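Below: work23.tsv (TSV, C-alpha atoms)
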chain	number	residue	atom	x	y	z
G	21	MET	CA	70.21	121.16	74.59
G	22	ASN	CA	72.35	122.00	77.62
G	23	VAL	CA	73.77	125.49	77.66
G	24	ARG	CA	77.30	125.68	78.99
G	25	PRO	CA	77.78	128.16	81.83
G	26	SER	CA	79.92	131.18	80.98
G	27	ILE	CA	82.90	132.13	83.10
G	28	ARG	CA	85.21	135.12	82.77
G	29	VAL	CA	88.82	134.22	83.54
G	30	ALA	CA	91.89	136.41	83.92
G	31	ILE	CA	95.42	134.97	83.66
G	32	VAL	CA	98.19	136.92	85.40
G	33	ASP	CA	101.68	136.66	86.91
G	34	PHE	CA	103.04	134.00	84.57
G	35	GLY	CA	105.91	135.90	83.00
G	36	GLU	CA	106.49	135.02	79.37
G	37	SER	CA	104.35	131.89	79.21
G	38	ALA	CA	100.99	130.99	80.70
G	39	HIS	CA	100.87	127.50	79.18
G	40	VAL	CA	100.19	125.92	82.58
G	41	ALA	CA	97.02	127.97	83.07
G	42	HIS	CA	95.81	127.34	79.51
G	43	GLY	CA	96.62	123.65	79.88
G	44	LEU	CA	94.46	123.43	82.98
G	45	LEU	CA	91.59	125.24	81.31
G	46	ASP	CA	91.70	122.62	78.54
G	47	TYR	CA	90.40	120.12	81.09
G	48	ILE	CA	87.07	121.93	81.33
G	49	ARG	CA	86.60	123.71	77.99
G	50	GLU	CA	83.84	121.29	76.98
G	51	ASP	CA	81.87	122.10	80.13
G	52	TYR	CA	82.11	125.90	80.20
G	53	ARG	CA	82.19	128.84	77.83
G	54	ILE	CA	85.45	130.46	78.87
G	55	GLU	CA	86.10	134.13	78.17
G	56	ILE	CA	89.69	135.23	78.75
G	57	THR	CA	89.78	138.83	79.99
G	58	ASN	CA	92.22	141.37	81.39
G	59	SER	CA	89.52	143.04	83.46
G	60	THR	CA	90.22	143.25	87.19
G	61	ASP	CA	86.62	142.25	87.88
G	62	ALA	CA	87.04	138.84	86.21
G	63	ASP	CA	85.05	136.10	87.92
G	64	TYR	CA	88.12	133.90	88.37
G	65	VAL	CA	91.84	134.62	88.27
G	66	PHE	CA	94.45	132.02	87.41
G	67	HIS	CA	97.73	133.37	88.73
G	68	GLY	CA	101.31	132.21	88.79
G	69	CYS	CA	104.35	132.97	90.92
G	70	MET	CA	105.97	135.69	88.78
G	71	GLY	CA	104.47	138.71	90.51
G	72	TYR	CA	101.61	140.09	92.58
G	73	ASP	CA	99.39	141.68	89.96
G	74	VAL	CA	96.77	139.18	91.14
G	75	LEU	CA	96.17	141.50	94.10
G	76	LYS	CA	94.44	143.93	91.74
G	77	TYR	CA	91.77	141.33	90.96
G	78	THR	CA	88.65	140.87	93.05
G	79	GLY	CA	87.52	137.47	91.75
G	80	VAL	CA	88.15	133.95	93.01
G	81	ARG	CA	91.91	133.35	92.78
G	82	ILE	CA	93.42	130.05	91.68
G	83	PHE	CA	97.18	129.60	91.98
G	84	VAL	CA	98.89	127.37	89.40
G	85	THR	CA	102.55	127.03	88.57
G	86	GLY	CA	105.11	124.99	86.70
G	87	GLU	CA	107.79	125.98	89.19
G	88	MET	CA	108.59	124.52	92.61
G	89	VAL	CA	106.77	127.23	94.55
G	90	SER	CA	104.21	126.48	97.22
G	91	PRO	CA	100.90	128.38	97.29
G	92	ASN	CA	100.17	131.30	99.58
G	93	PHE	CA	96.60	130.76	100.74
G	94	ASN	CA	96.52	134.24	102.26
G	95	ILE	CA	96.08	135.59	98.75
G	96	SER	CA	94.82	132.52	96.85
G	97	ASP	CA	91.47	130.85	97.32
G	98	TYR	CA	92.63	127.63	95.68
G	99	ALA	CA	95.77	126.08	94.27
G	100	LEU	CA	96.82	123.37	91.86
G	101	SER	CA	100.36	122.78	92.97
G	102	PHE	CA	103.18	120.30	93.43
G	103	ASP	CA	102.28	120.10	97.11
G	104	ALA	CA	100.28	116.95	97.78
G	105	MET	CA	98.89	118.39	100.99
G	106	ASP	CA	95.43	118.26	102.50
G	107	PHE	CA	94.11	121.79	102.92
G	108	GLY	CA	90.38	121.30	103.02
G	109	ASP	CA	88.95	121.77	99.55
G	110	ARG	CA	91.54	124.37	98.59
G	111	ASN	CA	94.46	122.38	97.16
G	112	GLN	CA	94.88	119.79	94.41
G	113	TRP	CA	98.16	118.06	93.62
G	114	PHE	CA	98.94	118.73	89.97
G	115	PRO	CA	102.31	117.51	88.65
G	116	LEU	CA	103.48	119.28	85.51
G	117	ILE	CA	104.08	115.94	83.79
G	118	LYS	CA	100.35	115.82	83.01
G	119	LEU	CA	100.54	118.75	80.59
G	120	TYR	CA	103.06	117.03	78.31
G	121	LYS	CA	100.37	115.02	76.57
G	122	GLU	CA	102.42	113.02	74.07
G	123	ALA	CA	105.12	112.02	76.54
G	124	TYR	CA	102.62	111.23	79.29
G	125	ALA	CA	100.43	109.14	76.97
G	126	TYR	CA	103.52	107.12	76.03
G	127	LEU	CA	103.81	105.96	79.63
G	128	ARG	CA	100.49	104.11	79.31
G	129	GLN	CA	101.42	102.31	76.10
G	130	ALA	CA	103.06	98.92	75.70
G	131	ARG	CA	106.85	99.04	75.51
G	132	GLU	CA	108.44	99.22	72.10
G	133	PRO	CA	110.06	96.07	70.66
G	134	LEU	CA	113.58	96.01	72.03
G	135	GLU	CA	115.62	94.77	69.07
G	136	PRO	CA	114.80	97.55	66.56
G	137	LEU	CA	115.07	100.12	69.34
G	138	MET	CA	118.57	98.96	70.22
G	139	LEU	CA	119.69	99.48	66.62
G	140	GLU	CA	119.21	103.22	67.19
G	141	LYS	CA	121.44	103.28	70.27
G	142	THR	CA	124.86	104.70	69.44
G	143	GLY	CA	125.65	106.52	72.68
G	144	PHE	CA	125.91	105.76	76.37
G	145	CYS	CA	123.97	108.50	78.17
G	146	ALA	CA	122.33	111.80	77.24
G	147	TYR	CA	121.53	114.89	79.25
G	148	VAL	CA	119.85	118.06	78.04
G	149	MET	CA	120.25	120.84	80.60
G	150	SER	CA	120.62	124.51	79.85
G	151	ASN	CA	120.84	126.22	83.21
G	152	ALA	CA	122.59	125.00	86.35
G	153	LYS	CA	122.38	128.38	88.09
G	154	ASN	CA	120.45	128.26	91.38
G	155	SER	CA	119.77	124.61	90.68
G	156	ALA	CA	120.37	121.45	92.68
G	157	PRO	CA	124.09	120.52	92.75
G	158	GLU	CA	123.04	116.90	92.21
G	159	ARG	CA	122.38	117.76	88.55
G	160	VAL	CA	126.05	118.52	88.06
G	161	GLU	CA	127.31	115.76	90.31
G	162	ILE	CA	125.54	112.96	88.43
G	163	VAL	CA	127.19	114.03	85.18
G	164	GLU	CA	130.64	114.08	86.75
G	165	ARG	CA	130.10	110.69	88.39
G	166	LEU	CA	128.95	109.08	85.15
G	167	GLN	CA	131.68	110.71	83.06
G	168	ALA	CA	134.26	108.98	85.22
G	169	TYR	CA	132.92	105.80	83.59
G	170	GLN	CA	131.85	106.88	80.08
G	171	PRO	CA	131.39	110.21	78.25
G	172	VAL	CA	127.96	111.74	78.69
G	173	SER	CA	126.46	113.52	75.68
G	174	LEU	CA	125.41	117.00	76.80
G	175	GLY	CA	122.89	118.46	74.37
G	176	GLY	CA	121.77	121.59	76.21
G	177	ARG	CA	123.51	124.93	76.68
G	178	TRP	CA	125.22	123.76	79.87
G	179	ARG	CA	128.66	122.28	79.10
G	180	ASN	CA	127.50	121.43	75.60
G	181	ASN	CA	129.73	118.87	73.85
G	182	THR	CA	127.56	118.11	70.82
G	183	GLY	CA	128.35	121.12	68.66
G	184	GLY	CA	125.52	123.26	70.02
G	185	PRO	CA	122.12	122.84	71.67
G	186	VAL	CA	120.10	120.09	70.00
G	187	ASP	CA	117.02	120.98	67.98
G	188	ASP	CA	115.09	117.79	68.80
G	189	LYS	CA	115.53	116.70	72.41
G	190	ILE	CA	113.66	113.42	72.06
G	191	ALA	CA	115.46	112.34	68.87
G	192	PHE	CA	118.81	113.19	70.48
G	193	GLN	CA	118.03	111.24	73.64
G	194	ARG	CA	116.70	108.30	71.65
G	195	ARG	CA	120.19	107.57	70.36
G	196	HIS	CA	121.37	106.80	73.90
G	197	LYS	CA	120.89	103.88	76.28
G	198	PHE	CA	120.31	106.06	79.33
G	199	VAL	CA	118.86	109.54	79.86
G	200	ILE	CA	119.45	111.70	82.92
G	201	ALA	CA	116.10	113.02	84.16
G	202	PHE	CA	116.88	115.22	87.16
G	203	GLU	CA	114.43	117.79	88.48
G	204	ASN	CA	115.59	121.25	89.53
G	205	GLN	CA	115.30	120.08	93.10
G	206	SER	CA	114.06	117.13	95.14
G	207	TYR	CA	110.67	117.63	96.76
G	208	PRO	CA	107.72	115.29	97.38
G	209	GLY	CA	105.22	115.75	94.55
G	210	TYR	CA	107.56	117.77	92.32
G	211	LEU	CA	107.19	115.76	89.11
G	212	THR	CA	107.70	117.52	85.78
G	213	GLU	CA	108.04	116.45	82.17
G	214	LYS	CA	111.59	115.20	82.62
G	215	PHE	CA	110.66	111.62	83.52
G	216	ALA	CA	108.11	111.28	80.71
G	217	GLU	CA	110.40	112.75	78.05
G	218	ALA	CA	113.19	110.38	79.06
G	219	ALA	CA	110.74	107.49	78.74
G	220	LEU	CA	109.47	108.76	75.37
G	221	SER	CA	113.07	108.60	74.18
G	222	GLY	CA	113.04	104.81	74.51
G	223	ALA	CA	115.87	104.84	77.06
G	224	ILE	CA	116.27	104.03	80.73
G	225	PRO	CA	115.61	107.19	82.76
G	226	ILE	CA	118.04	107.94	85.57
G	227	TYR	CA	115.59	109.85	87.73
G	228	TRP	CA	116.02	112.16	90.72
G	229	GLY	CA	113.50	114.61	92.12
G	230	ASP	CA	110.22	113.39	93.55
G	231	PRO	CA	111.11	110.79	96.20
G	232	HIS	CA	107.64	109.27	95.75
G	233	VAL	CA	108.05	108.61	92.02
G	234	ALA	CA	107.86	104.83	92.54
G	235	ASP	CA	104.32	105.31	93.87
G	236	TYR	CA	103.23	106.37	90.37
G	237	PHE	CA	105.53	104.46	88.00
G	238	ASN	CA	106.96	100.96	87.87
G	239	PRO	CA	110.32	101.07	89.71
G	240	LYS	CA	111.57	98.15	87.60
G	241	ALA	CA	111.46	100.32	84.46
G	242	PHE	CA	113.87	103.07	85.51
G	243	ILE	CA	116.79	103.81	87.79
G	244	ASN	CA	115.46	105.67	90.82
G	245	CYS	CA	118.28	107.60	92.47
G	246	HIS	CA	116.25	107.73	95.67
G	247	ASP	CA	116.85	103.99	96.09
G	248	PHE	CA	120.60	104.52	96.48
G	249	SER	CA	122.77	105.84	99.29
G	250	ASP	CA	124.46	108.46	97.08
G	251	LEU	CA	125.06	109.36	93.45
G	252	GLN	CA	128.29	107.39	93.28
G	253	ALA	CA	126.24	104.28	94.02
G	254	VAL	CA	123.88	105.32	91.24
G	255	ALA	CA	126.75	105.72	88.78
G	256	ASP	CA	128.15	102.32	89.77
G	257	HIS	CA	124.76	100.70	89.17
G	258	VAL	CA	124.38	102.40	85.77
G	259	ALA	CA	127.80	101.06	84.76
G	260	GLU	CA	126.80	97.54	85.81
G	261	VAL	CA	123.55	97.68	83.81
G	262	ASP	CA	125.38	99.14	80.82
G	263	GLN	CA	127.76	96.17	80.78
G	264	ASP	CA	125.06	93.52	81.26
G	265	ASP	CA	122.80	93.15	78.22
G	266	ALA	CA	120.34	90.93	80.07
G	267	ARG	CA	119.84	93.44	82.92
G	268	TYR	CA	119.52	96.29	80.46
G	269	ALA	CA	116.89	94.37	78.48
G	270	GLN	CA	114.99	93.59	81.66
G	271	TYR	CA	114.60	97.31	82.42
G	272	MET	CA	113.58	98.03	78.83
G	273	ARG	CA	110.80	95.42	78.79
G	274	GLU	CA	109.09	96.52	81.99
G	275	PRO	CA	105.85	98.56	81.61
G	276	TRP	CA	106.08	102.17	82.75
G	277	VAL	CA	103.01	101.81	84.95
G	278	ARG	CA	102.12	98.69	86.88
G	279	GLU	CA	99.90	96.41	84.80
G	280	GLY	CA	99.60	99.18	82.24
G	281	VAL	CA	97.06	101.04	84.39
G	282	GLU	CA	97.38	104.71	85.23
G	283	PRO	CA	97.46	105.21	89.01
G	284	ASP	CA	94.39	106.91	90.47
G	285	LEU	CA	96.59	109.70	91.85
G	286	LEU	CA	97.35	110.85	88.31
G	287	SER	CA	93.84	110.55	86.89
G	288	ASP	CA	92.43	113.52	84.97
G	289	ALA	CA	89.22	113.04	86.94
G	290	ASN	CA	90.87	114.50	90.05
G	291	VAL	CA	91.68	117.77	88.30
G	292	VAL	CA	88.28	118.03	86.60
G	293	LYS	CA	86.47	117.40	89.88
G	294	PHE	CA	88.54	120.03	91.68
G	295	LEU	CA	87.99	122.70	89.03
G	296	LYS	CA	84.27	121.98	88.69
G	297	GLN	CA	83.69	122.29	92.43
G	298	ILE	CA	85.03	125.84	92.10
G	299	PHE	CA	83.17	126.87	88.95
G	300	ASP	CA	79.87	125.13	89.76
G	301	ALA	CA	79.49	126.84	93.15
G	302	PRO	CA	77.81	130.25	93.31
G	303	GLN	CA	80.71	132.65	92.99
G	304	ASP	CA	80.09	134.38	96.31
G	305	GLN	CA	80.33	130.97	98.00
G	306	ALA	CA	83.53	129.96	96.19
G	307	TYR	CA	85.80	132.41	98.01
G	308	ARG	CA	88.11	130.86	100.60
G	309	ARG	CA	90.79	133.48	101.30
G	310	ASN	CA	90.47	135.86	104.25
G	311	ARG	CA	88.78	138.95	102.84
G	312	GLY	CA	88.23	140.48	106.28
G	313	ARG	CA	90.18	143.23	108.01
G	314	TRP	CA	93.47	141.38	108.49
G	315	GLY	CA	93.30	139.77	105.08
G	316	GLN	CA	92.92	143.21	103.53
G	317	LYS	CA	95.80	144.61	105.60
G	318	TYR	CA	98.06	141.75	104.51
G	319	GLU	CA	97.23	142.29	100.84
G	320	LYS	CA	97.70	146.05	101.19
G	321	GLN	CA	101.20	145.48	102.49
G	322	LEU	CA	102.03	143.12	99.62
G	323	ARG	CA	100.64	145.59	97.07
G	324	ARG	CA	102.80	148.33	98.51
G	325	MET	CA	105.89	146.12	98.33
G	326	TRP	CA	105.13	145.10	94.74
G	327	CYS	CA	103.75	148.30	93.23
G	328	HIS	CA	105.51	150.95	95.34
G	329	PRO	CA	108.78	149.48	96.61
G	330	LEU	CA	110.35	152.88	97.41
G	331	GLY	CA	107.30	153.97	99.37
G	332	HIS	CA	107.33	150.67	101.23
G	333	ALA	CA	111.01	151.11	102.11
G	334	PHE	CA	110.35	154.65	103.32
G	335	GLU	CA	107.48	153.41	105.51
G	336	ARG	CA	109.71	150.77	107.09
G	337	ILE	CA	112.41	153.37	107.85
G	338	ARG	CA	109.80	155.66	109.39
G	339	ARG	CA	108.52	152.86	111.62
G	340	ARG	CA	112.01	152.05	112.83
G	341	LEU	CA	112.65	155.69	113.66
G	342	ARG	CA	109.43	155.78	115.66
G	343	GLU	CA	110.49	152.67	117.59
G	344	LYS	CA	113.78	154.32	118.58
G	345	THR	CA	112.02	157.38	119.89
Final C-alpha cells representation of the file:
Amino acid sequence: MNVRPSIRVAIVDFGESAHVAHGLLDYIREDYRIEITNSTDADYVFHGCMGYDVLKYTGVRIFVTGEMVSPNFNISDYALSFDAMDFGDRNQWFPLIKLYKEAYAYLRQAREPLEPLMLEKTGFCAYVMSNAKNSAPERVEIVERLQAYQPVSLGGRWRNNTGGPVDDKIAFQRRHKFVIAFENQSYPGYLTEKFAEAALSGAIPIYWGDPHVADYFNPKAFINCHDFSDLQAVADHVAEVDQDDARYAQYMREPWVREGVEPDLLSDANVVKFLKQIFDAPQDQAYRRNRGRWGQKYEKQLRRMWCHPLGHAFERIRRRLREKT
C-alpha cells in the first residue's frame, strides 16, 4: 500500500475567501496528505494578492489569485496565474473558469435541444453586474449600446431594473436569448467564470475579456467582441442575430468546444503536473526566489511598508533629508 506524502500548507493573503487556493489543492488531495496550518514554518505557502503576510513565512511560496494581478517572483517561488508566460518552471497559466466545476463541465457536453430551450426565453438580454467601480468602461458601454435597441435586464446591484438583485443568476439568465459576459478588464489569459456561466444559462454569450478566447472555445457558439471594430458594431450584430431566427439557431447548435474535445491548454493534467513538480522535489531544492542578500533586503523593505507604514514613511523622510545635506 502506497503511503501518501504529508505536506504542511499555509494559506494567507486572500482576504475573506481562499476558495482559489482550496480549489487548487483539490487537484492533488488524492496524492498527498495535506495539513492546513497557520504556522510560519509551513512547508509551502499558498498566498494571494490581498496583503504581504506571506513575507512572514519561510516555506516555498506559491502565488494564486482570482484577480487580474500578475505574480511578483521576487517574493514568490511559483505562481498559478492568468499570465500565460514562460518563466522557466515557475509559472502555470490557470484561468479561474476551471474552478467553476458545473459550468465548466457544461462546456464539454452536447448542446441542449433548441426547441424546449427556446420556450424558456422571455427576455432579450441579461446582465448580472454588481460593481462598476474601478472596472472597465466597456462593461457599461455595452449595456448602453444594446439598450438603444432593446431593454437589457440588469439583475445585479448595478443599475438593477428587476426589483432587486437576483437570487439565482443562472435561472435568471436562462430566461434570456443573450447574456453579457464581460470580464473586469481585457487581458490575454484573463478568463473567469463569466463565459462558462453564460453558456450554462443556455444563451448566446456576448463575451469580452481574454482576446484569445477563440483559441479555447468554438467561436461559432458565441459572440466574441474582439472580432469587431467597436462595441457599436457588436450591438448591431446582436440586433441582427436577434431578428434572424435561423442565425440565432445556428449559434445555439454549435458545440462549445471544437469537436466536443477540451483543448490541451485547459487540461487538468497541466495543473497537476505543475503542482506535483513542486511537492515531489526535496523541499530545499524547490525554492526559486532569491533568498540571498538582495532578496532579503527587498523583502525587508516590503515588510516595513506592510507592517510598519509609519516607520517606513519616517525612514524615507530621513533619507531625503540626508540627500539634501
Skip Val32 in chain G itself and residues of its chain fewer than 3 positions away, then list as JSON, numbers by chain all residues within 8 Å of it, counting only C-alpha atoms.
-> {"G": [65, 66, 67, 68, 73, 74]}
If you count all atoms listed in the file, the residue of G:Thr85, G:Asn154, G:Gln252, G:Asn238 closest to Pro225 in chain G turns out to be G:Asn238
So which residues touch Asp300 in chain G within 10 Å, counting only C-alpha atoms, skipping near sequence neighbours fewer than 6 positions away, as a ChimeraX atom specification?
-> /G:25,52,306
Using only C-alpha atoms, which of the listed residues (G:Ala104, G:Asp262, G:Arg159, G:Tyr271) sits closest to Pro208 in chain G?
-> G:Ala104
Rank G:Tyr307, G:Tyr98, G:Tyr210, G:Tyr77 by their smallest atom-to-atom distance to Val29 in chain G, using all atoms listed in the file, and report the top residue only.
->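 That would be G:Tyr77, the residue with the smallest distance to Val29 in chain G.
The shortest atom-to-atom distance to Val292 in chain G, with all atoms listed in the file taken into account, belongs to G:Gln112 out of G:Arg28, G:Asn22, G:Ser37, G:Gln112.
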In terms of only C-alpha atoms, the residue from G:Lys296, G:Arg323, G:Arg195, G:Arg342 at minimal distance from Ala146 in chain G is G:Arg195
Looking at only C-alpha atoms, which of G:Glu122, G:Asp264, G:Glu203, G:Glu161 is the one that sits closest to Asp230 in chain G?
->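 So, comparing all the options, the nearest one is G:Glu203.
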Subset file as a short mmCIF file (atom, residue, chain, number, x, y, z; two decimals), in the first residue's frame: range 133-144 of chain G, all heavy atoms:
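Saved as out.cif:
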data_model
loop_
_atom_site.label_atom_id
_atom_site.label_comp_id
_atom_site.auth_asym_id
_atom_site.auth_seq_id
_atom_site.Cartn_x
_atom_site.Cartn_y
_atom_site.Cartn_z
N PRO G 133 -31.28 20.46 -26.61
CA PRO G 133 -32.24 20.61 -27.71
C PRO G 133 -32.78 22.03 -27.76
O PRO G 133 -33.15 22.60 -26.72
CB PRO G 133 -33.34 19.59 -27.37
CG PRO G 133 -32.66 18.59 -26.48
CD PRO G 133 -31.64 19.37 -25.70
N LEU G 134 -32.84 22.61 -28.93
CA LEU G 134 -33.14 24.02 -29.05
C LEU G 134 -34.60 24.36 -28.77
O LEU G 134 -34.90 25.35 -28.09
CB LEU G 134 -32.75 24.51 -30.45
CG LEU G 134 -32.95 25.99 -30.72
CD1 LEU G 134 -32.15 26.84 -29.73
CD2 LEU G 134 -32.53 26.33 -32.15
N GLU G 135 -35.51 23.55 -29.27
CA GLU G 135 -36.94 23.92 -29.18
C GLU G 135 -37.43 24.06 -27.74
O GLU G 135 -38.03 25.09 -27.40
CB GLU G 135 -37.79 22.92 -29.96
CG GLU G 135 -37.61 23.04 -31.48
CD GLU G 135 -38.59 22.16 -32.24
OE1 GLU G 135 -39.49 21.57 -31.60
OE2 GLU G 135 -38.45 22.07 -33.47
N PRO G 136 -37.21 23.09 -26.86
CA PRO G 136 -37.66 23.29 -25.47
C PRO G 136 -36.93 24.43 -24.77
O PRO G 136 -37.49 25.11 -23.92
CB PRO G 136 -37.39 21.94 -24.80
CG PRO G 136 -36.41 21.24 -25.69
CD PRO G 136 -36.68 21.72 -27.06
N LEU G 137 -35.67 24.63 -25.14
CA LEU G 137 -34.90 25.72 -24.54
C LEU G 137 -35.49 27.08 -24.92
O LEU G 137 -35.59 27.98 -24.08
CB LEU G 137 -33.44 25.63 -24.98
CG LEU G 137 -32.44 26.61 -24.34
CD1 LEU G 137 -32.42 26.44 -22.83
CD2 LEU G 137 -31.05 26.38 -24.93
N MET G 138 -35.93 27.20 -26.16
CA MET G 138 -36.47 28.48 -26.61
C MET G 138 -37.79 28.81 -25.93
O MET G 138 -38.16 29.99 -25.83
CB MET G 138 -36.66 28.46 -28.13
CG MET G 138 -35.35 28.46 -28.92
SD MET G 138 -34.25 29.83 -28.47
CE MET G 138 -35.25 31.25 -28.93
N LEU G 139 -38.52 27.80 -25.46
CA LEU G 139 -39.78 28.05 -24.76
C LEU G 139 -39.54 28.80 -23.45
O LEU G 139 -40.45 29.46 -22.93
CB LEU G 139 -40.50 26.73 -24.49
CG LEU G 139 -40.99 25.95 -25.72
CD1 LEU G 139 -41.59 24.62 -25.30
CD2 LEU G 139 -42.01 26.79 -26.50
N GLU G 140 -38.32 28.71 -22.90
CA GLU G 140 -37.99 29.40 -21.65
C GLU G 140 -37.60 30.85 -21.88
O GLU G 140 -37.54 31.64 -20.93
CB GLU G 140 -36.84 28.68 -20.96
CG GLU G 140 -37.11 27.23 -20.60
CD GLU G 140 -35.92 26.59 -19.91
OE1 GLU G 140 -35.38 27.22 -18.97
OE2 GLU G 140 -35.52 25.47 -20.30
N LYS G 141 -37.31 31.21 -23.13
CA LYS G 141 -36.80 32.55 -23.42
C LYS G 141 -37.94 33.57 -23.48
O LYS G 141 -38.77 33.54 -24.38
CB LYS G 141 -36.04 32.56 -24.75
CG LYS G 141 -34.93 31.52 -24.86
CD LYS G 141 -33.83 31.78 -23.85
CE LYS G 141 -32.70 30.78 -23.98
NZ LYS G 141 -31.73 30.87 -22.87
N THR G 142 -37.94 34.47 -22.50
CA THR G 142 -38.94 35.53 -22.46
C THR G 142 -38.33 36.92 -22.55
O THR G 142 -39.05 37.91 -22.68
CB THR G 142 -39.77 35.43 -21.16
OG1 THR G 142 -38.89 35.54 -20.04
CG2 THR G 142 -40.54 34.11 -21.10
N GLY G 143 -37.00 36.99 -22.47
CA GLY G 143 -36.32 38.29 -22.49
C GLY G 143 -35.24 38.34 -23.55
O GLY G 143 -34.81 37.32 -24.09
N PHE G 144 -34.80 39.55 -23.84
CA PHE G 144 -33.79 39.77 -24.87
C PHE G 144 -32.39 39.46 -24.36
O PHE G 144 -31.71 38.56 -24.86
CB PHE G 144 -33.90 41.23 -25.35
CG PHE G 144 -32.69 41.75 -26.06
CD1 PHE G 144 -32.19 41.11 -27.19
CD2 PHE G 144 -32.01 42.88 -25.59
CE1 PHE G 144 -31.05 41.59 -27.85
CE2 PHE G 144 -30.88 43.37 -26.25
CZ PHE G 144 -30.41 42.72 -27.38
#
